[in-house]
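Content type PDB, C-alpha atoms, from the file final-v4.pdb:
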ATOM      1  CA  GLN A 181      18.054  63.977 -11.084
ATOM      2  CA  VAL A 182      18.850  61.725 -14.022
ATOM      3  CA  GLN A 183      16.181  60.271 -16.268
ATOM      4  CA  LEU A 184      16.863  57.126 -18.281
ATOM      5  CA  VAL A 185      14.592  55.714 -20.973
ATOM      6  CA  GLU A 186      15.313  52.314 -22.508
ATOM      7  CA  SER A 187      14.030  50.963 -25.773
ATOM      8  CA  GLY A 188      14.711  48.110 -28.161
ATOM      9  CA  GLY A 189      13.685  45.025 -26.235
ATOM     10  CA  GLY A 190      11.575  42.287 -27.720
ATOM     11  CA  SER A 191      11.285  38.592 -28.469
ATOM     12  CA  VAL A 192      13.760  36.712 -30.641
ATOM     13  CA  GLN A 193      14.797  33.157 -31.290
ATOM     14  CA  ALA A 194      18.079  31.787 -30.020
ATOM     15  CA  GLY A 195      20.951  32.988 -32.170
ATOM     16  CA  GLY A 196      19.202  36.244 -33.001
ATOM     17  CA  SER A 197      20.166  39.826 -32.235
ATOM     18  CA  LEU A 198      18.689  42.848 -30.520
ATOM     19  CA  ARG A 199      19.954  46.371 -29.912
ATOM     20  CA  LEU A 200      18.960  48.203 -26.760
ATOM     21  CA  SER A 201      19.130  51.980 -26.431
ATOM     22  CA  CYS A 202      19.159  54.150 -23.326
ATOM     23  CA  ALA A 203      18.627  57.888 -23.587
ATOM     24  CA  ALA A 204      19.784  59.901 -20.575
ATOM     25  CA  SER A 205      18.584  63.371 -19.629
ATOM     26  CA  GLY A 206      18.694  65.691 -16.653
ATOM     27  CA  TYR A 207      21.744  66.491 -14.533
ATOM     28  CA  THR A 208      24.143  63.734 -15.572
ATOM     29  CA  TYR A 209      27.347  65.445 -14.375
ATOM     30  CA  GLY A 210      29.293  63.104 -12.105
ATOM     31  CA  TRP A 211      27.353  60.040 -13.134
ATOM     32  CA  ASN A 212      30.226  58.936 -15.312
ATOM     33  CA  TYR A 213      29.427  55.259 -15.711
ATOM     34  CA  LYS A 214      26.507  53.925 -17.684
ATOM     35  CA  GLY A 215      25.602  50.306 -17.545
ATOM     36  CA  TRP A 216      23.208  47.610 -18.558
ATOM     37  CA  PHE A 217      21.869  45.259 -15.939
ATOM     38  CA  ARG A 218      19.355  42.455 -16.105
ATOM     39  CA  GLN A 219      17.001  40.680 -13.774
ATOM     40  CA  ALA A 220      15.283  37.396 -14.462
ATOM     41  CA  PRO A 221      12.257  36.268 -12.397
ATOM     42  CA  GLY A 222      13.348  35.036  -8.984
ATOM     43  CA  LYS A 223      16.937  36.176  -9.465
ATOM     44  CA  GLU A 224      18.988  39.149  -8.327
ATOM     45  CA  ARG A 225      19.710  42.056 -10.604
ATOM     46  CA  GLU A 226      23.155  41.583 -12.157
ATOM     47  CA  GLY A 227      25.569  43.661 -14.152
ATOM     48  CA  VAL A 228      25.890  42.862 -17.849
ATOM     49  CA  ALA A 229      28.029  45.630 -19.375
ATOM     50  CA  LEU A 230      29.473  48.940 -18.251
ATOM     51  CA  ILE A 231      31.034  51.898 -20.027
ATOM     52  CA  TYR A 232      32.917  54.932 -18.756
ATOM     53  CA  SER A 233      31.638  58.071 -20.420
ATOM     54  CA  GLY A 234      34.997  59.815 -20.257
ATOM     55  CA  GLY A 235      37.020  57.308 -22.189
ATOM     56  CA  ASP A 236      35.034  54.378 -23.592
ATOM     57  CA  MET A 237      36.513  51.917 -21.105
ATOM     58  CA  THR A 238      34.196  48.914 -21.021
ATOM     59  CA  TYR A 239      33.480  45.975 -18.721
ATOM     60  CA  TYR A 240      31.450  42.835 -19.360
ATOM     61  CA  THR A 241      30.230  39.953 -17.317
ATOM     62  CA  ASP A 242      31.843  36.705 -18.472
ATOM     63  CA  SER A 243      28.669  35.157 -19.846
ATOM     64  CA  VAL A 244      28.217  37.878 -22.501
ATOM     65  CA  LYS A 245      31.819  38.495 -23.559
ATOM     66  CA  GLY A 246      32.192  38.124 -27.313
ATOM     67  CA  ARG A 247      28.418  38.371 -27.843
ATOM     68  CA  PHE A 248      27.379  41.754 -26.405
ATOM     69  CA  THR A 249      28.877  45.165 -27.114
ATOM     70  CA  ILE A 250      28.215  48.336 -25.156
ATOM     71  CA  SER A 251      28.779  51.684 -26.848
ATOM     72  CA  GLN A 252      27.813  55.310 -26.424
ATOM     73  CA  ASP A 253      27.091  58.478 -28.336
ATOM     74  CA  ASN A 254      27.936  61.288 -25.929
ATOM     75  CA  ALA A 255      26.507  63.916 -28.278
ATOM     76  CA  LYS A 256      23.130  62.211 -27.961
ATOM     77  CA  ASN A 257      23.617  61.174 -24.319
ATOM     78  CA  THR A 258      22.680  57.668 -25.389
ATOM     79  CA  VAL A 259      24.126  54.274 -24.525
ATOM     80  CA  TYR A 260      23.585  51.144 -26.613
ATOM     81  CA  LEU A 261      23.825  47.424 -26.028
ATOM     82  CA  GLN A 262      24.224  45.321 -29.141
ATOM     83  CA  MET A 263      23.308  41.743 -28.282
ATOM     84  CA  ASN A 264      24.245  39.003 -30.749
ATOM     85  CA  SER A 265      24.030  35.219 -30.573
ATOM     86  CA  LEU A 266      21.310  35.501 -27.970
ATOM     87  CA  LYS A 267      20.596  32.510 -25.760
ATOM     88  CA  PRO A 268      17.474  31.562 -23.769
ATOM     89  CA  GLU A 269      19.417  32.278 -20.574
ATOM     90  CA  ASP A 270      19.695  35.924 -21.665
ATOM     91  CA  THR A 271      15.949  36.275 -21.106
ATOM     92  CA  ALA A 272      15.365  38.992 -18.503
ATOM     93  CA  MET A 273      14.245  42.536 -17.887
ATOM     94  CA  TYR A 274      17.123  44.765 -18.932
ATOM     95  CA  TYR A 275      17.754  48.016 -17.087
ATOM     96  CA  CYS A 276      19.940  50.945 -17.976
ATOM     97  CA  ALA A 277      21.718  52.644 -15.092
ATOM     98  CA  ALA A 278      23.698  55.788 -14.384
ATOM     99  CA  LEU A 279      26.362  55.229 -11.738
ATOM    100  CA  ARG A 280      29.060  57.200  -9.956
ATOM    101  CA  ARG A 281      31.322  54.173  -9.609
ATOM    102  CA  PRO A 282      31.796  50.910 -11.550
ATOM    103  CA  LEU A 283      29.322  48.244 -10.532
ATOM    104  CA  MET A 284      29.159  44.652 -11.732
ATOM    105  CA  GLY A 285      27.971  41.368 -10.288
ATOM    106  CA  SER A 286      24.871  41.153  -8.133
ATOM    107  CA  VAL A 287      23.302  44.471  -7.214
ATOM    108  CA  SER A 288      22.307  44.979  -3.603
ATOM    109  CA  PRO A 289      19.166  46.905  -2.587
ATOM    110  CA  ALA A 290      21.422  49.704  -1.331
ATOM    111  CA  GLU A 291      23.147  49.918  -4.695
ATOM    112  CA  VAL A 292      19.762  50.129  -6.386
ATOM    113  CA  ARG A 293      18.850  53.081  -4.162
ATOM    114  CA  GLU A 294      22.206  54.829  -4.690
ATOM    115  CA  ASN A 295      22.019  54.913  -8.482
ATOM    116  CA  TYR A 296      19.610  55.928 -11.228
ATOM    117  CA  TRP A 297      17.709  53.313 -13.227
ATOM    118  CA  GLY A 298      15.441  53.230 -16.227
ATOM    119  CA  GLN A 299      12.069  51.527 -16.240
ATOM    120  CA  GLY A 300      13.431  48.426 -17.954
ATOM    121  CA  THR A 301      12.853  46.710 -21.280
ATOM    122  CA  GLN A 302      12.003  43.026 -21.628
ATOM    123  CA  VAL A 303      14.191  40.689 -23.652
ATOM    124  CA  THR A 304      12.844  37.212 -24.330
ATOM    125  CA  VAL A 305      14.870  34.577 -26.172
ATOM    126  CA  SER A 306      13.148  31.387 -27.215
ATOM    127  CA  SER A 307      14.887  28.126 -28.047
TER     128      SER A 307
END
I need this file expressed as structure tokens, please.
Amino acid sequence: QVQLVESGGGSVQAGGSLRLSCAASGYTYGWNYKGWFRQAPGKEREGVALIYSGGDMTYYTDSVKGRFTISQDNAKNTVYLQMNSLKPEDTAMYYCAALRRPLMGSVSPAEVRENYWGQGTQVTVSS
């Protein structure tokens, strides 16, 4: 069992910044990828950024490249998402995930069941 707790969401104006945190606990061995995903109302959950805990390899969806940065502090078992130059289209519920394999793009219901997720934190960007 892996427990994930997100924090740091909120409401900002376009162009602003937010930093999300995700603290992991429990038996995390083997769940070597941590990621941030988001889901807007009426849309599928999608991958935003991914990091490999063993070597800091990172992946980003195209729409956030150059604006978002994923990082980790393995000593604290915490993953961060620094979000700069936020846009209204970034508005969504953001979820932290622990995964055995890399996962980006749309997330299927099976992929939701196969991985661990936090409870989500809301990010709202106004124009």
Expand the PyMOL selection byres ((chain A and resi 255) around 12) into the individual residues it matches in the shown file, reporting them as a count of residues only. 11
Just say which residues the PyMOL selection byres ((chain A and resi 237-239) around 12) picks in this file, as a PDB file with C-alpha atoms, keeping the file's coordinate frame.
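Final output, selection_4.pdb:
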ATOM      1  CA  ASN A 212      30.226  58.936 -15.312  1.00  0.00           C
ATOM      2  CA  TYR A 213      29.427  55.259 -15.711  1.00  0.00           C
ATOM      3  CA  LYS A 214      26.507  53.925 -17.684  1.00  0.00           C
ATOM      4  CA  GLY A 215      25.602  50.306 -17.545  1.00  0.00           C
ATOM      5  CA  TRP A 216      23.208  47.610 -18.558  1.00  0.00           C
ATOM      6  CA  PHE A 217      21.869  45.259 -15.939  1.00  0.00           C
ATOM      7  CA  GLY A 227      25.569  43.661 -14.152  1.00  0.00           C
ATOM      8  CA  VAL A 228      25.890  42.862 -17.849  1.00  0.00           C
ATOM      9  CA  ALA A 229      28.029  45.630 -19.375  1.00  0.00           C
ATOM     10  CA  LEU A 230      29.473  48.940 -18.251  1.00  0.00           C
ATOM     11  CA  ILE A 231      31.034  51.898 -20.027  1.00  0.00           C
ATOM     12  CA  TYR A 232      32.917  54.932 -18.756  1.00  0.00           C
ATOM     13  CA  SER A 233      31.638  58.071 -20.420  1.00  0.00           C
ATOM     14  CA  GLY A 234      34.997  59.815 -20.257  1.00  0.00           C
ATOM     15  CA  GLY A 235      37.020  57.308 -22.189  1.00  0.00           C
ATOM     16  CA  ASP A 236      35.034  54.378 -23.592  1.00  0.00           C
ATOM     17  CA  TYR A 240      31.450  42.835 -19.360  1.00  0.00           C
ATOM     18  CA  THR A 241      30.230  39.953 -17.317  1.00  0.00           C
ATOM     19  CA  ASP A 242      31.843  36.705 -18.472  1.00  0.00           C
ATOM     20  CA  SER A 243      28.669  35.157 -19.846  1.00  0.00           C
ATOM     21  CA  VAL A 244      28.217  37.878 -22.501  1.00  0.00           C
ATOM     22  CA  LYS A 245      31.819  38.495 -23.559  1.00  0.00           C
ATOM     23  CA  GLY A 246      32.192  38.124 -27.313  1.00  0.00           C
ATOM     24  CA  PHE A 248      27.379  41.754 -26.405  1.00  0.00           C
ATOM     25  CA  THR A 249      28.877  45.165 -27.114  1.00  0.00           C
ATOM     26  CA  ILE A 250      28.215  48.336 -25.156  1.00  0.00           C
ATOM     27  CA  SER A 251      28.779  51.684 -26.848  1.00  0.00           C
ATOM     28  CA  GLN A 252      27.813  55.310 -26.424  1.00  0.00           C
ATOM     29  CA  VAL A 259      24.126  54.274 -24.525  1.00  0.00           C
ATOM     30  CA  LEU A 261      23.825  47.424 -26.028  1.00  0.00           C
ATOM     31  CA  PRO A 282      31.796  50.910 -11.550  1.00  0.00           C
ATOM     32  CA  LEU A 283      29.322  48.244 -10.532  1.00  0.00           C
ATOM     33  CA  MET A 284      29.159  44.652 -11.732  1.00  0.00           C
ATOM     34  CA  GLY A 285      27.971  41.368 -10.288  1.00  0.00           C
TER      35      GLY A 285
END
Separation of atom CA of Val287 of chain A from atom CA of Ser306 of chain A in Å: 26.0 Å
Residues near segment 289-296 of chain A, cut-off 8 Å, all atoms listed in the file, skip fewer than 5 positions along chain, as number ranges by chain: A: 182-184, 277-280
Provide the atom CA of Lys223 of chain A to atom CA of Tyr275 of chain A distance in Å, to one decimal place.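 About the pair atom CA of Lys223 of chain A and atom CA of Tyr275 of chain A: they are 14.1 Å apart.
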Could you complete segment 212-238 of chain A so that it carries N, CA and C atoms, and give it back as a tab-separated table (two decimals), in the frame of the given file?
chain	number	residue	atom	x	y	z
A	212	ASN	N	29.34	59.17	-14.18
A	212	ASN	CA	30.23	58.94	-15.31
A	212	ASN	C	30.22	57.52	-15.86
A	213	TYR	N	29.53	56.63	-15.21
A	213	TYR	CA	29.43	55.26	-15.71
A	213	TYR	C	27.97	54.99	-16.11
A	214	LYS	N	27.83	54.38	-17.24
A	214	LYS	CA	26.51	53.92	-17.68
A	214	LYS	C	26.59	52.42	-17.87
A	215	GLY	N	25.53	51.75	-17.47
A	215	GLY	CA	25.60	50.31	-17.55
A	215	GLY	C	24.28	49.68	-17.91
A	216	TRP	N	24.38	48.45	-18.32
A	216	TRP	CA	23.21	47.61	-18.56
A	216	TRP	C	23.20	46.49	-17.54
A	217	PHE	N	22.06	46.30	-16.93
A	217	PHE	CA	21.87	45.26	-15.94
A	217	PHE	C	20.65	44.45	-16.34
A	218	ARG	N	20.52	43.26	-15.79
A	218	ARG	CA	19.36	42.46	-16.10
A	218	ARG	C	18.88	41.71	-14.87
A	219	GLN	N	17.60	41.41	-14.88
A	219	GLN	CA	17.00	40.68	-13.77
A	219	GLN	C	15.96	39.72	-14.31
A	220	ALA	N	16.23	38.44	-14.08
A	220	ALA	CA	15.28	37.40	-14.46
A	220	ALA	C	14.37	37.11	-13.26
A	221	PRO	N	13.18	36.56	-13.50
A	221	PRO	CA	12.26	36.27	-12.40
A	221	PRO	C	12.91	35.39	-11.34
A	222	GLY	N	12.80	35.81	-10.08
A	222	GLY	CA	13.35	35.04	-8.98
A	222	GLY	C	14.85	35.16	-8.79
A	223	LYS	N	15.49	36.01	-9.58
A	223	LYS	CA	16.94	36.18	-9.46
A	223	LYS	C	17.29	37.62	-9.11
A	224	GLU	N	18.52	37.81	-8.64
A	224	GLU	CA	18.99	39.15	-8.33
A	224	GLU	C	19.31	39.91	-9.61
A	225	ARG	N	19.26	41.22	-9.48
A	225	ARG	CA	19.71	42.06	-10.60
A	225	ARG	C	21.23	41.91	-10.72
A	226	GLU	N	21.72	41.78	-11.94
A	226	GLU	CA	23.16	41.58	-12.16
A	226	GLU	C	23.68	42.48	-13.26
A	227	GLY	N	24.94	42.84	-13.13
A	227	GLY	CA	25.57	43.66	-14.15
A	227	GLY	C	25.85	42.87	-15.40
A	228	VAL	N	25.65	43.49	-16.55
A	228	VAL	CA	25.89	42.86	-17.85
A	228	VAL	C	27.06	43.56	-18.55
A	229	ALA	N	26.98	44.87	-18.68
A	229	ALA	CA	28.03	45.63	-19.38
A	229	ALA	C	28.06	47.05	-18.83
A	230	LEU	N	29.26	47.62	-18.84
A	230	LEU	CA	29.47	48.94	-18.25
A	230	LEU	C	30.39	49.73	-19.16
A	231	ILE	N	30.16	51.04	-19.23
A	231	ILE	CA	31.03	51.90	-20.03
A	231	ILE	C	31.29	53.19	-19.28
A	232	TYR	N	32.53	53.68	-19.40
A	232	TYR	CA	32.92	54.93	-18.76
A	232	TYR	C	32.76	56.05	-19.78
A	233	SER	N	31.97	57.05	-19.44
A	233	SER	CA	31.64	58.07	-20.42
A	233	SER	C	32.83	58.92	-20.81
A	234	GLY	N	33.86	58.97	-19.96
A	234	GLY	CA	35.00	59.82	-20.26
A	234	GLY	C	36.05	59.19	-21.13
A	235	GLY	N	35.95	57.90	-21.43
A	235	GLY	CA	37.02	57.31	-22.19
A	235	GLY	C	36.70	55.99	-22.87
A	236	ASP	N	35.45	55.60	-22.90
A	236	ASP	CA	35.03	54.38	-23.59
A	236	ASP	C	35.60	53.10	-22.99
A	237	MET	N	36.10	53.14	-21.76
A	237	MET	CA	36.51	51.92	-21.10
A	237	MET	C	35.27	51.07	-20.85
A	238	THR	N	35.36	49.77	-21.16
A	238	THR	CA	34.20	48.91	-21.02
A	238	THR	C	34.48	47.71	-20.14
